[in-house]
Amino acid sequence: MSATDEIDDSAAPLIEHLAELRTRLIHSVIAFIIGMIICFTVWNPIFNFLTNPLCSAMAERGQEDCGLILIKLQEGFFVAISISLLGGLVLGFPYISYQMWRFVAPGLYKNEKGAFLPFLIASPIMFFIGASFAFYVVTPLAFDFFLGFQQGSLTGDGSEAVANGVAGIAFQGSAQEYLSLTIKFIVAFGLCFQLPVLLTLMGKAGLVSAEGLGNVRKYAVVAILVLAALVTPPDVITQVILFVVVYGLYELSIQLVKRVEKKREAKLRAEGFYDEDEDLLAEFDDEEDDLK
């Protein structure tokens, strides 16, 4: 066999993988577009659902009108497009995940498939939990905080404030700005809730350890504080909530990684690959370090 034949044989699998990847990507894009078209046809009910936290917060303050305005002529169209993009991703995500699994699964061993599949299922579930937490808990608190800076509009048209010589400050929000803020909350918390899934998967792959995560805890606290300041508006309440939630997820991740390590150690012991003498020696070294 010539060198040219060997090169051609080695290039063939790569071409097949690229063709398979292209097919999976095309199917994923088609699923996303179908979901986007479906959401575009019903964007009004979706938008009404997304405005529930704002309307509830305004109703509690005695403001019955929670209507949003269109500052630009084309703003309504872009609101519908934004909702369609988000909805298309949500509706198409299960099929997109399936296509990703179909592409990756043939290259995995049986035990690797069993390890990877639960995380693939847990990822959208955790995102949904984070998004729900943001929508039903965080956004009502944040909107109530922001609406507290109004002045003179609580009586309706602010006529009492004008009679007293006080300038009225009333909320007249842009539909696109409100939608952008709400989506930002939902996506930020949804992604933050992926932390246990990501760290546990890295722990299963041996990239991180529970001890290592515990040792960098103080740096993680600083990183979480910076993250809370970046992905949330300048609202102390929201930032504190995000910090508490993400730090709790970080501690949960450490416990999950510990569990993974214990299972790995038990499996190695059962297969006879774990050296008991080395284990006792390591424990002795740890006790000696503590005495020092």
# chains A, B, ... in the order shown; residues from 1 in each chain; ligands from 1
>>> select_by_dssp(residues="region 20-203 of chain A", states="helix (DSSP H, G or I)", output="JSON, numbers by chain")
{"A": [20, 21, 22, 23, 24, 25, 26, 27, 28, 29, 30, 31, 32, 33, 34, 35, 36, 37, 38, 39, 40, 41, 43, 44, 45, 46, 47, 48, 49, 50, 52, 53, 54, 55, 56, 57, 58, 59, 60, 75, 76, 77, 78, 79, 80, 81, 82, 83, 84, 85, 86, 87, 88, 89, 90, 91, 92, 93, 94, 95, 96, 97, 98, 99, 100, 101, 102, 103, 104, 105, 106, 107, 110, 111, 112, 113, 114, 115, 116, 117, 118, 119, 120, 121, 122, 123, 124, 125, 126, 127, 128, 129, 130, 131, 132, 133, 134, 135, 136, 137, 138, 139, 140, 141, 142, 143, 144, 145, 146, 147, 159, 160, 161, 162, 163, 175, 176, 177, 178, 179, 180, 181, 182, 183, 184, 185, 186, 187, 188, 189, 190, 191, 192, 195, 196, 197, 198, 199, 200, 201, 202, 203]}
>>> residues_around(residues="Ile69 (chain A)", least_positions_apart="3", cutoff="8 Å", atoms="only C-alpha atoms", output="VMD selection string")
chain A and resid 172 to 175
>>> write_last_selection(atoms="C-alpha atoms", output="PDB file, in the first residue's frame")
ATOM      1  CA  GLN A 172     -43.876  54.072  30.884  1.00  0.00           C
ATOM      2  CA  GLY A 173     -41.748  51.176  29.825  1.00  0.00           C
ATOM      3  CA  SER A 174     -40.574  50.196  26.384  1.00  0.00           C
ATOM      4  CA  ALA A 175     -41.853  46.785  25.317  1.00  0.00           C
TER       5      ALA A 175
END
>>> closest_residue(among="A:Leu199, A:Val244, A:Leu21, A:Val137", to="Leu256 (chain A)", atoms="only C-alpha atoms")
A:Leu199
>>> residues_around(residues="Tyr136 (chain A)", least_positions_apart="6", cutoff="12 Å", atoms="only C-alpha atoms", output="PyMOL selection string")
chain A and resi 49-54+56-57+128-130+142-143+182+185-186+189
>>> residues_around(residues="region 97-108 of chain A", least_positions_apart="2", cutoff="12 Å", atoms="only C-alpha atoms", output="number ranges by chain")
A: 16-32, 89-95, 110-124
>>> closest_residue(among="A:Ile224, A:Gly87, A:Ser82, A:Leu207", to="Leu181 (chain A)", atoms="only C-alpha atoms")
A:Ser82
>>> atom_distance(atom1="CA of Val257 (chain A)", atom2="CA of Ala270 (chain A)")
19.9 Å
>>> atom_distance(atom1="CA of Ile37 (chain A)", atom2="CA of Val187 (chain A)")
20.8 Å
>>> atom_distance(atom1="CA of Cys55 (chain A)", atom2="CA of Pro140 (chain A)")
9.5 Å
>>> residues_around(residues="region 144-151 of chain A", least_positions_apart="6", cutoff="7 Å", atoms="only C-alpha atoms", output="list in words")
Ala57, Gly168, Ile169, Ala170 and Phe171 of chain A
>>> write_last_selection(atoms="N, CA and C atoms", output="mmCIF file, in the first residue's frame")
data_model
loop_
_atom_site.group_PDB
_atom_site.id
_atom_site.type_symbol
_atom_site.label_atom_id
_atom_site.label_comp_id
_atom_site.auth_asym_id
_atom_site.auth_seq_id
_atom_site.Cartn_x
_atom_site.Cartn_y
_atom_site.Cartn_z
ATOM 1 N N ALA A 57 -46.945 43.276 39.939
ATOM 2 C CA ALA A 57 -46.267 44.244 40.795
ATOM 3 C C ALA A 57 -46.945 45.607 40.735
ATOM 4 N N GLY A 168 -44.234 64.506 38.886
ATOM 5 C CA GLY A 168 -44.589 63.094 38.887
ATOM 6 C C GLY A 168 -43.578 62.265 38.114
ATOM 7 N N ILE A 169 -43.294 61.080 38.627
ATOM 8 C CA ILE A 169 -42.409 60.129 37.952
ATOM 9 C C ILE A 169 -43.200 58.838 37.771
ATOM 10 N N ALA A 170 -43.586 58.542 36.551
ATOM 11 C CA ALA A 170 -44.410 57.369 36.270
ATOM 12 C C ALA A 170 -43.676 56.436 35.322
ATOM 13 N N PHE A 171 -43.933 55.161 35.490
ATOM 14 C CA PHE A 171 -43.308 54.159 34.638
ATOM 15 C C PHE A 171 -44.066 54.060 33.313
#
>>> residues_around(residues="Ser209 (chain A)", least_positions_apart="4", cutoff="9 Å", atoms="only C-alpha atoms", output="PyMOL selection string")
chain A and resi 202-204+213-214+254+257-258+261
>>> select_by_dssp(residues="region 10-248 of chain A", states="strand (DSSP E or B)", output="PyMOL selection string")
chain A and resi 69+151+169+174
>>> closest_residue(among="A:Val260, A:Leu179, A:Arg269, A:Ile33", to="Ile96 (chain A)", atoms="only C-alpha atoms")
A:Ile33
>>> closest_residue(among="A:Ile125, A:Val245, A:Val216, A:Leu141", to="Val197 (chain A)", atoms="only C-alpha atoms")
A:Ile125
>>> closest_residue(among="A:Glu64, A:Leu73, A:Ile83, A:Leu14", to="Thr41 (chain A)", atoms="only C-alpha atoms")
A:Ile83
